[in-house]
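Peer 1: I am attaching a structure below and will ask some questions about it afterwards.
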Amino acid sequence: MTRRVSIFGATGSIGQSTIDLIGRDPGAYEVVALTGASNIDRLAADARRLNAEVAVTCHADRLADLRAALAGTGIEAAAGEQALIEAADRPADWIMSAIVGAAGLAPGVHALRHGTTLALANKESLVTAGPLLMAEARAHGATILPVDSEHSGVFQALAGERIEDVERIVITASGGAFRDWPLDQLAQATPEQAATHPNWDMGQRITVDSASMFNKALELIETKEFFGIAPDRIEAVVHPESLIHALVGFRDGALMAHLGAPDMRHAIGYALHWPARGDIPVARLDLAQIARLTFRPADEVRWPALRLAREVMRTGGLAGAVFNAAKERALDAFLARRIGFPAMAEVVEEVLTRMSSEAGLASDRLNLDTVRQMDHLARVRADDVIRERQ
Ligand code: NAD
Ligand code: MG
């Protein structure tokens, strides 16, 4: 039987790896929706090749271009935020959520309301609205499968275990582009330098977030929200080789590690075939050749984002939405060369401080509207802080 699948963020790094896996066994899948942003040619080419029902760009003003690129194919073209939601409302058995940023939340929530299986690469959904996402999944009998490599590793180490027996979860971090840079040179780091990752080939934004450890900060929060584990049981450790993705420690002292080549097709493929396992074309590790694996502490002075994540987990409520939105704006400003690399964490910290005195940050009134409002407010505050610094 063919499975109906949709891919949100199909033109990105995760989306393309997902298409790679699906394209290897085209008879097994019926592609419902593919979505993208400004890369209309890529979106249209994949929609044609996979014979999708509908292709959607989030940019309303690109509808004509998308229509033209799909002319004569019978594939529907749609554009804009509402069109993304409508695509998420189309019945599908499996949906990849791989839009980058807070924009991934609403389509994911809509998909869950139809009881689908949501493969979640968009960690920002869990950071901004974890309790909402998990509650929607429970209420509608939907399944969320983690696609972040660390969380997929934890999920696999937990198969057959009880969460009550977990003493701690350790997620690893490569340390990103500036792992070995002297601290006093970070202010001179350029976006191009930050967007070079030692081990993983990923989208530009997450690669810069790896250098600043904002990616790991988001992942600490993601771990808390997805696995429902107390923040003081979640650790990050720097592991430059990126071969162990995560470890789960149990009450009897056992530590189960998940190892694999740094290739996102593993985590994507695991979610695609779950609860079975499929043949995934990733490199196999030669342990004798690797010879050794190394670890070092995740230094909160070098990477203040990790300290901020702890604060956000303590506050809970809408703090994650503020953290993520402020981070997105600070990242935009760094990429536009308006602020330096270390200033990203300073901006986010200042926004958290200013907004913690405003009402409602710790509120548990979490729904798509309150999250959207808080996200908007945090972006305005972040822009204020960035402007004041210039
Ligand atoms: P990417 O930048 O390569 O792709 C992002 C996708 O989202 C593209 O299809 C783009 O068209 C679309 N998009 C961008 N802005 C949008 C908007 N406002 N509305 C709708 N669509 C929009 O990013 P990526 O590296 O593939 O990451 C996607 C998600 O997966 C992120 O949440 C990231 O944190 C997560 N993730 C990525 C990796 C990786 O290896 N790349 C690993 C773990 C988790
Ligand atoms: Mg990750």
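Labeling convention for the structure tokens: chains A, B, ... as they appear, residues from 1 per chain, ligands from 1 in order of appearance.
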From the DSSP assignment of the backbone, select every residue of segment 53-146 of chain A that is helix (DSSP H, G or I), and format the answer as a PyMOL selection string.
Peer 2: chain A and resi 60-69+81-88+102-112+123-139
Peer 1: Leaving out segment 339-347 of chain A and any residue of its chain fewer than 5 positions from it, which residues lie within 9 Å of it when counting only C-alpha atoms, given as a list in words?
Peer 2: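 Here the qualifying residues turn out to be Leu186, Ala187, Gln188, Ala189, Thr190, Pro191, Ala194, Ser212, Phe214, Trp303, Pro304, Ala305, Leu308, Ala326, Lys327, Arg329, Ala330, Leu331, Ala333, Phe334, Leu352, Ala382, Val385, Ile386, Arg389 and Gln390 of chain A.
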Peer 1: Would you output that residue set with N, CA and C atoms, as a tab-separated table (two decimals), in the first residue's frame?
Peer 2:
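Saved to part_2.tsv:
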chain	number	residue	atom	x	y	z
A	186	LEU	N	36.22	36.31	18.83
A	186	LEU	CA	34.86	36.00	18.35
A	186	LEU	C	34.14	37.24	17.82
A	187	ALA	N	34.48	38.40	18.36
A	187	ALA	CA	33.81	39.64	17.91
A	187	ALA	C	34.11	39.93	16.44
A	188	GLN	N	35.22	39.37	15.93
A	188	GLN	CA	35.57	39.61	14.52
A	188	GLN	C	35.02	38.54	13.58
A	189	ALA	N	34.37	37.52	14.12
A	189	ALA	CA	33.90	36.41	13.28
A	189	ALA	C	32.87	36.88	12.27
A	190	THR	N	32.99	36.41	11.02
A	190	THR	CA	32.05	36.82	9.97
A	190	THR	C	30.97	35.76	9.78
A	191	PRO	N	29.84	36.15	9.15
A	191	PRO	CA	28.79	35.17	8.85
A	191	PRO	C	29.32	34.01	8.00
A	194	ALA	N	31.09	31.64	10.27
A	194	ALA	CA	30.15	30.97	11.17
A	194	ALA	C	29.33	29.91	10.44
A	212	SER	N	27.20	29.30	17.54
A	212	SER	CA	26.86	30.09	18.74
A	212	SER	C	26.31	29.19	19.84
A	214	PHE	N	23.36	28.28	19.93
A	214	PHE	CA	21.92	28.49	20.07
A	214	PHE	C	21.19	27.24	19.60
A	303	TRP	N	29.83	29.78	25.40
A	303	TRP	CA	28.53	29.63	24.73
A	303	TRP	C	27.40	30.02	25.67
A	304	PRO	N	27.19	31.34	25.88
A	304	PRO	CA	26.18	31.80	26.84
A	304	PRO	C	24.76	31.33	26.48
A	305	ALA	N	24.53	30.95	25.22
A	305	ALA	CA	23.20	30.47	24.82
A	305	ALA	C	22.76	29.30	25.70
A	308	LEU	N	21.35	30.62	28.88
A	308	LEU	CA	20.04	31.23	28.64
A	308	LEU	C	18.96	30.15	28.49
A	326	ALA	N	13.66	36.14	19.60
A	326	ALA	CA	14.78	37.07	19.79
A	326	ALA	C	16.03	36.51	19.11
A	327	LYS	N	16.21	35.21	19.22
A	327	LYS	CA	17.35	34.55	18.58
A	327	LYS	C	17.26	34.70	17.05
A	329	ARG	N	15.84	37.07	15.32
A	329	ARG	CA	16.15	38.44	14.92
A	329	ARG	C	17.64	38.75	15.10
A	330	ALA	N	18.21	38.25	16.20
A	330	ALA	CA	19.64	38.48	16.43
A	330	ALA	C	20.45	37.80	15.33
A	331	LEU	N	20.02	36.63	14.91
A	331	LEU	CA	20.69	35.92	13.82
A	331	LEU	C	20.57	36.70	12.51
A	333	ALA	N	20.29	39.87	12.24
A	333	ALA	CA	21.16	41.06	12.36
A	333	ALA	C	22.63	40.68	12.19
A	334	PHE	N	23.01	39.51	12.71
A	334	PHE	CA	24.40	39.06	12.53
A	334	PHE	C	24.67	38.76	11.05
A	352	LEU	N	15.12	38.89	26.92
A	352	LEU	CA	14.53	38.05	27.99
A	352	LEU	C	14.39	38.86	29.27
A	382	ALA	N	13.59	42.81	20.24
A	382	ALA	CA	14.94	42.48	19.75
A	382	ALA	C	15.41	43.56	18.78
A	385	VAL	N	16.53	46.54	20.78
A	385	VAL	CA	17.83	46.32	21.42
A	385	VAL	C	18.95	46.42	20.38
A	386	ILE	N	18.72	45.83	19.21
A	386	ILE	CA	19.74	45.86	18.15
A	386	ILE	C	19.98	47.31	17.70
A	389	ARG	N	22.04	49.43	20.06
A	389	ARG	CA	23.46	49.08	20.13
A	389	ARG	C	24.29	49.74	19.03
A	390	GLN	N	23.61	50.31	18.01
A	390	GLN	CA	24.38	50.76	16.85
A	390	GLN	C	24.92	52.18	17.01
Peer 1: Using only C-alpha atoms and all ligand atoms, find each protein or nucleic acid residue lying at most 8 Å from ligand 2; present the set as a PyMOL selection string.
Peer 2: chain A and resi 148-151+215-216+219
Peer 1: Using the selection just defined, write its residues with C-alpha atoms as a PDB file, in the first residue's frame.
Peer 2:
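Dumped everything to part_23.pdb:
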ATOM      1  CA  ASP A 148      16.784  16.164  15.153  1.00  0.00           C
ATOM      2  CA  SER A 149      19.712  13.703  15.221  1.00  0.00           C
ATOM      3  CA  GLU A 150      20.197  13.960  19.012  1.00  0.00           C
ATOM      4  CA  HIS A 151      16.517  13.448  19.751  1.00  0.00           C
ATOM      5  CA  ASN A 215      21.160  25.278  18.212  1.00  0.00           C
ATOM      6  CA  LYS A 216      22.155  23.215  21.262  1.00  0.00           C
ATOM      7  CA  GLU A 219      17.808  21.290  21.625  1.00  0.00           C
TER       8      GLU A 219
END
Peer 1: Per residue of chain A within 9 Å of ligand 1, what are the shortest atom pair and its distance in Å to one decimal, counting only C-alpha atoms and all ligand atoms, with rows by chain and residue number, as CSV?
Peer 2:
residue,atom,partner,partner_atom_place_in_ligand_line,distance
A:Ile7,CA,ligand 1,9 (O),8.9
A:Phe8,CA,ligand 1,9 (O),6.8
A:Gly9,CA,ligand 1,9 (O),3.2
A:Ala10,CA,ligand 1,9 (O),4.7
A:Thr11,CA,ligand 1,9 (O),3.8
A:Gly12,CA,ligand 1,4 (O),3.1
A:Ser13,CA,ligand 1,26 (O),3.6
A:Ile14,CA,ligand 1,26 (O),3.8
A:Gly15,CA,ligand 1,26 (O),5.9
A:Gln16,CA,ligand 1,26 (O),7.7
A:Ser17,CA,ligand 1,26 (O),8.6
A:Leu34,CA,ligand 1,9 (O),8.9
A:Thr35,CA,ligand 1,9 (O),6.5
A:Gly36,CA,ligand 1,11 (O),3.6
A:Ala37,CA,ligand 1,11 (O),3.6
A:Ser38,CA,ligand 1,11 (O),6.2
A:Asn39,CA,ligand 1,11 (O),6.6
A:Ile40,CA,ligand 1,11 (O),8.9
A:Leu43,CA,ligand 1,9 (O),8.4
A:Thr57,CA,ligand 1,20 (C),7.1
A:Cys58,CA,ligand 1,20 (C),4.8
A:His59,CA,ligand 1,19 (N),7.7
A:Gly80,CA,ligand 1,19 (N),8.4
A:Glu81,CA,ligand 1,19 (N),7.1
A:Leu84,CA,ligand 1,20 (C),7.5
A:Ser97,CA,ligand 1,29 (C),7.4
A:Ala98,CA,ligand 1,29 (C),4.3
A:Ile99,CA,ligand 1,7 (O),3.5
A:Val100,CA,ligand 1,31 (C),3.9
A:Gly101,CA,ligand 1,32 (O),5.5
A:Ala102,CA,ligand 1,18 (N),7.8
A:Ala103,CA,ligand 1,19 (N),5.0
A:Gly104,CA,ligand 1,20 (C),6.6
A:Leu120,CA,ligand 1,30 (O),7.8
A:Ala121,CA,ligand 1,30 (O),4.2
A:Asn122,CA,ligand 1,32 (O),3.4
A:Lys123,CA,ligand 1,32 (O),5.0
A:Glu124,CA,ligand 1,32 (O),5.9
A:Ser125,CA,ligand 1,32 (O),8.1
A:Val147,CA,ligand 1,43 (C),6.6
A:Asp148,CA,ligand 1,43 (C),4.1
A:Ser149,CA,ligand 1,43 (C),6.0
A:Glu150,CA,ligand 1,43 (C),8.3
A:Trp200,CA,ligand 1,40 (O),6.6
A:Asp201,CA,ligand 1,40 (O),6.3
A:Met202,CA,ligand 1,41 (N),3.7
A:Gly203,CA,ligand 1,25 (O),3.4
A:Gln204,CA,ligand 1,2 (O),6.0
A:Arg205,CA,ligand 1,2 (O),6.3
A:Ile206,CA,ligand 1,34 (O),5.5
A:Thr207,CA,ligand 1,25 (O),7.7
A:Asp209,CA,ligand 1,34 (O),8.7
A:Asn215,CA,ligand 1,34 (O),7.2
A:Leu218,CA,ligand 1,34 (O),8.6
A:Pro262,CA,ligand 1,40 (O),8.8
A:Asp263,CA,ligand 1,40 (O),7.6
A:Met264,CA,ligand 1,40 (O),5.5
A:Arg265,CA,ligand 1,40 (O),8.9
A:Ala267,CA,ligand 1,43 (C),8.8
Peer 1: So that I can check the surroundings of Ile75 of chain A, please list as a PyMOL selection string every protein, DNA and RNA residue that reaches within 8 Å of it, counting only C-alpha atoms and ignoring chain neighbours fewer than 5 positions away.
Peer 2: chain A and resi 47-48+51-55+70
Peer 1: What lies within 10 Å of segment 152-154 of chain A using only C-alpha atoms, ignoring chain neighbours under 2 positions off, as a PyMOL selection string?
Peer 2: chain A and resi 120-121+145-150+156-159+169-171+223+227+244-248+256-260+266-268+270-271
Peer 1: Next, write the just-selected residues to a file, as an mmCIF file, in the first residue's frame, keeping N, CA and C atoms as the atom set.
Peer 2:
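Output (out_8.cif):
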data_model
loop_
_atom_site.group_PDB
_atom_site.id
_atom_site.type_symbol
_atom_site.label_atom_id
_atom_site.label_comp_id
_atom_site.auth_asym_id
_atom_site.auth_seq_id
_atom_site.Cartn_x
_atom_site.Cartn_y
_atom_site.Cartn_z
ATOM 1 N N LEU A 120 9.279 15.471 13.027
ATOM 2 C CA LEU A 120 9.535 16.852 13.430
ATOM 3 C C LEU A 120 11.014 17.220 13.385
ATOM 4 N N ALA A 121 11.398 17.903 12.304
ATOM 5 C CA ALA A 121 12.749 18.477 12.256
ATOM 6 C C ALA A 121 12.697 19.896 12.812
ATOM 7 N N LEU A 145 7.397 12.181 15.783
ATOM 8 C CA LEU A 145 8.673 11.462 15.788
ATOM 9 C C LEU A 145 9.794 12.488 15.640
ATOM 10 N N PRO A 146 10.769 12.470 16.556
ATOM 11 C CA PRO A 146 11.832 13.466 16.475
ATOM 12 C C PRO A 146 12.764 13.207 15.299
ATOM 13 N N VAL A 147 13.139 14.275 14.595
ATOM 14 C CA VAL A 147 14.063 14.120 13.474
ATOM 15 C C VAL A 147 15.409 14.789 13.757
ATOM 16 N N ASP A 148 15.477 15.642 14.760
ATOM 17 C CA ASP A 148 16.784 16.164 15.153
ATOM 18 C C ASP A 148 17.648 14.942 15.490
ATOM 19 N N SER A 149 18.914 14.927 15.067
ATOM 20 C CA SER A 149 19.712 13.703 15.221
ATOM 21 C C SER A 149 19.845 13.291 16.686
ATOM 22 N N GLU A 150 20.026 14.277 17.592
ATOM 23 C CA GLU A 150 20.197 13.960 19.012
ATOM 24 C C GLU A 150 18.921 13.333 19.566
ATOM 25 N N GLN A 156 15.590 6.414 20.075
ATOM 26 C CA GLN A 156 15.966 5.031 19.772
ATOM 27 C C GLN A 156 16.527 4.326 21.008
ATOM 28 N N ALA A 157 17.302 5.072 21.823
ATOM 29 C CA ALA A 157 17.860 4.471 23.048
ATOM 30 C C ALA A 157 16.753 4.182 24.060
ATOM 31 N N LEU A 158 15.634 4.862 23.920
ATOM 32 C CA LEU A 158 14.534 4.682 24.873
ATOM 33 C C LEU A 158 13.562 3.582 24.462
ATOM 34 N N ALA A 159 13.723 3.021 23.266
ATOM 35 C CA ALA A 159 12.778 2.001 22.796
ATOM 36 C C ALA A 159 12.744 0.849 23.801
ATOM 37 N N ILE A 169 19.705 12.572 30.362
ATOM 38 C CA ILE A 169 19.850 12.533 28.907
ATOM 39 C C ILE A 169 21.005 13.452 28.548
ATOM 40 N N VAL A 170 21.925 12.946 27.744
ATOM 41 C CA VAL A 170 23.081 13.748 27.333
ATOM 42 C C VAL A 170 23.013 13.932 25.823
ATOM 43 N N ILE A 171 22.991 15.177 25.380
ATOM 44 C CA ILE A 171 23.056 15.410 23.936
ATOM 45 C C ILE A 171 24.436 15.985 23.615
ATOM 46 N N THR A 223 14.471 18.790 24.202
ATOM 47 C CA THR A 223 14.553 17.542 24.969
ATOM 48 C C THR A 223 13.565 17.564 26.130
ATOM 49 N N PHE A 227 10.531 14.837 25.675
ATOM 50 C CA PHE A 227 10.611 13.645 26.526
ATOM 51 C C PHE A 227 10.008 13.878 27.900
ATOM 52 N N ILE A 244 28.816 10.176 18.219
ATOM 53 C CA ILE A 244 27.760 9.875 19.199
ATOM 54 C C ILE A 244 26.815 11.065 19.158
ATOM 55 N N HIS A 245 25.538 10.807 18.971
ATOM 56 C CA HIS A 245 24.590 11.919 18.863
ATOM 57 C C HIS A 245 23.907 12.200 20.184
ATOM 58 N N ALA A 246 23.707 11.149 20.983
ATOM 59 C CA ALA A 246 23.051 11.342 22.279
ATOM 60 C C ALA A 246 23.280 10.102 23.126
ATOM 61 N N LEU A 247 23.108 10.263 24.444
ATOM 62 C CA LEU A 247 23.216 9.131 25.371
ATOM 63 C C LEU A 247 22.076 9.227 26.376
ATOM 64 N N VAL A 248 21.591 8.060 26.789
ATOM 65 C CA VAL A 248 20.571 8.028 27.828
ATOM 66 C C VAL A 248 21.122 7.239 29.011
ATOM 67 N N MET A 256 23.312 4.331 27.487
ATOM 68 C CA MET A 256 23.118 3.830 26.127
ATOM 69 C C MET A 256 23.415 4.962 25.150
ATOM 70 N N ALA A 257 24.373 4.726 24.252
ATOM 71 C CA ALA A 257 24.757 5.769 23.300
ATOM 72 C C ALA A 257 24.218 5.453 21.916
ATOM 73 N N HIS A 258 23.894 6.478 21.177
ATOM 74 C CA HIS A 258 23.510 6.301 19.782
ATOM 75 C C HIS A 258 24.633 6.823 18.905
ATOM 76 N N LEU A 259 25.190 5.948 18.067
ATOM 77 C CA LEU A 259 26.280 6.338 17.167
ATOM 78 C C LEU A 259 25.840 6.231 15.720
ATOM 79 N N GLY A 260 26.409 7.058 14.904
ATOM 80 C CA GLY A 260 26.147 6.982 13.474
ATOM 81 C C GLY A 260 26.920 8.066 12.758
ATOM 82 N N HIS A 266 19.845 9.437 8.312
ATOM 83 C CA HIS A 266 19.580 8.394 9.296
ATOM 84 C C HIS A 266 18.338 8.721 10.131
ATOM 85 N N ALA A 267 18.343 9.915 10.741
ATOM 86 C CA ALA A 267 17.208 10.302 11.596
ATOM 87 C C ALA A 267 15.914 10.430 10.779
ATOM 88 N N ILE A 268 16.039 10.956 9.559
ATOM 89 C CA ILE A 268 14.856 11.090 8.693
ATOM 90 C C ILE A 268 14.331 9.703 8.328
ATOM 91 N N TYR A 270 14.803 6.903 9.911
ATOM 92 C CA TYR A 270 14.241 6.212 11.074
ATOM 93 C C TYR A 270 12.776 6.631 11.260
ATOM 94 N N ALA A 271 12.522 7.937 11.139
ATOM 95 C CA ALA A 271 11.147 8.435 11.297
ATOM 96 C C ALA A 271 10.250 7.965 10.148
#
Peer 1: Please determine, counting only C-alpha atoms, which residue among A:Asp332, A:Arg302, A:Pro297, A:Leu243 has the shortest atom-to-atom distance to Phe178 of chain A.
Peer 2: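 For Phe178 of chain A, the nearest of the given residues is A:Arg302.
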Peer 1: Using only C-alpha atoms, which protein or nucleic acid residues come within 12 Å of Arg381 of chain A? Drop anything in the same chain fewer than 2 positions from it, and give the result as a PyMOL selection string.
Peer 2: chain A and resi 322-323+325-327+329-330+347-356+358+374-379+383-388
Peer 1: Select, from A:Ala28, A:Ile229, A:Val237, A:Leu66, the residue with the minimum atom-to-atom distance to Arg42 of chain A, counting only C-alpha atoms.
Peer 2: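 Counting only C-alpha atoms, the residue closest to Arg42 of chain A is A:Leu66.
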Peer 1: Would you kindly return, as a ChimeraX atom specification, each protein, DNA or RNA residue with an atom no farther than 8 Å from any atom of Arg251 of chain A, considering only C-alpha atoms and excluding same-chain residues fewer than 4 positions away?
Peer 2: /A:165-167
Peer 1: Can you list every residue in segment 156-387 of chain A that DSSP puts in strand (DSSP E or B), as a ChimeraX atom specification?
Peer 2: /A:166-173,234-238,244-250,255-259,296-297
Peer 1: I need the residues from that last selection saved to file as a short mmCIF file (atom, residue, chain, number, x, y, z; two decimals), in the first residue's frame (with C-alpha atoms), if you can.
Peer 2:
data_model
loop_
_atom_site.label_atom_id
_atom_site.label_comp_id
_atom_site.auth_asym_id
_atom_site.auth_seq_id
_atom_site.Cartn_x
_atom_site.Cartn_y
_atom_site.Cartn_z
CA VAL A 166 15.86 7.59 33.01
CA GLU A 167 18.36 9.37 35.20
CA ARG A 168 19.74 11.72 32.57
CA ILE A 169 19.85 12.53 28.91
CA VAL A 170 23.08 13.75 27.33
CA ILE A 171 23.06 15.41 23.94
CA THR A 172 26.31 16.05 22.12
CA ALA A 173 27.48 19.20 20.36
CA ILE A 234 19.47 17.13 30.66
CA GLU A 235 23.11 17.80 29.77
CA ALA A 236 25.08 18.91 26.74
CA VAL A 237 28.64 17.79 26.14
CA VAL A 238 31.05 18.83 23.39
CA ILE A 244 27.76 9.88 19.20
CA HIS A 245 24.59 11.92 18.86
CA ALA A 246 23.05 11.34 22.28
CA LEU A 247 23.22 9.13 25.37
CA VAL A 248 20.57 8.03 27.83
CA GLY A 249 21.60 7.22 31.40
CA PHE A 250 19.37 4.89 33.44
CA LEU A 255 24.53 4.63 29.57
CA MET A 256 23.12 3.83 26.13
CA ALA A 257 24.76 5.77 23.30
CA HIS A 258 23.51 6.30 19.78
CA LEU A 259 26.28 6.34 17.17
CA ARG A 296 34.89 18.19 26.66
CA PRO A 297 32.61 20.30 28.81
#
Peer 1: Would you work out the distance separating atom CA of Arg365 of chain A from atom CA of Ile163 of chain A, expressed in Å to one decimal?
Peer 2: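 Separating atom CA of Arg365 of chain A from atom CA of Ile163 of chain A is a distance of 26.6 Å.
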Peer 1: Could you name the residues that touch Ala261 of chain A at 8 Å or less, counting only C-alpha atoms, but leaving out those on the same chain fewer than 4 positions away, as a list in words?
Peer 2: Ser242, Leu243, Val282, Ala283, Arg284 and Leu285 of chain A
Peer 1: Output the selection as a PDB file, in the first residue's frame - N, CA and C atoms for each residue.
Peer 2:
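Listed below is the output, selection24.pdb:
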ATOM      1  N   SER A 242      31.328  14.254  16.438  1.00  0.00           N
ATOM      2  CA  SER A 242      29.908  14.148  16.036  1.00  0.00           C
ATOM      3  C   SER A 242      29.528  12.731  15.599  1.00  0.00           C
ATOM      4  N   LEU A 243      30.032  11.728  16.293  1.00  0.00           N
ATOM      5  CA  LEU A 243      29.658  10.351  15.935  1.00  0.00           C
ATOM      6  C   LEU A 243      28.670   9.773  16.947  1.00  0.00           C
ATOM      7  N   VAL A 282      23.367   5.396   4.482  1.00  0.00           N
ATOM      8  CA  VAL A 282      24.362   6.248   5.152  1.00  0.00           C
ATOM      9  C   VAL A 282      25.653   5.454   5.339  1.00  0.00           C
ATOM     10  N   ALA A 283      26.753   6.180   5.478  1.00  0.00           N
ATOM     11  CA  ALA A 283      28.050   5.512   5.666  1.00  0.00           C
ATOM     12  C   ALA A 283      28.033   4.711   6.958  1.00  0.00           C
ATOM     13  N   ARG A 284      28.688   3.564   6.955  1.00  0.00           N
ATOM     14  CA  ARG A 284      28.813   2.736   8.156  1.00  0.00           C
ATOM     15  C   ARG A 284      30.109   3.107   8.863  1.00  0.00           C
ATOM     16  N   LEU A 285      30.089   3.113  10.189  1.00  0.00           N
ATOM     17  CA  LEU A 285      31.272   3.520  10.942  1.00  0.00           C
ATOM     18  C   LEU A 285      32.282   2.380  11.042  1.00  0.00           C
TER      19      LEU A 285
END
Peer 1: Could you work out how far atom CA of Arg62 of chain A lies from atom CA of Glu30 of chain A, giving the answer in Å with one decimal?
Peer 2: 25.5 Å
Peer 1: Smallest atom-to-atom distance to Leu272 of chain A: which of A:Phe155, A:Trp94, A:Tyr29, A:Trp181, using only C-alpha atoms?
Peer 2: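 The answer is A:Trp94, which sits nearest to Leu272 of chain A.
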Peer 1: Please determine, counting only C-alpha atoms, which residue among A:Asp20, A:Glu161, A:Pro231, A:Arg113 has the shortest atom-to-atom distance to Ala217 of chain A.
Peer 2: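 Once distances to Ala217 of chain A are computed over only C-alpha atoms, the minimum belongs to A:Pro231.
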Peer 1: How far is it from atom CA of His140 of chain A to atom CA of Ala106 of chain A, in Å with one decimal?
Peer 2: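 Distance reported for this atom pair: 15.6 Å.
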Peer 1: Give the answer as one residue: which of A:Ala119, A:Ala336, A:Leu366, A:Val127 has the shortest atom-to-atom distance to Ile144 of chain A, using only C-alpha atoms?
Peer 2: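 Of A:Ala119, A:Ala336, A:Leu366, A:Val127, the one nearest Ile144 of chain A, counting only C-alpha atoms, is A:Ala119.
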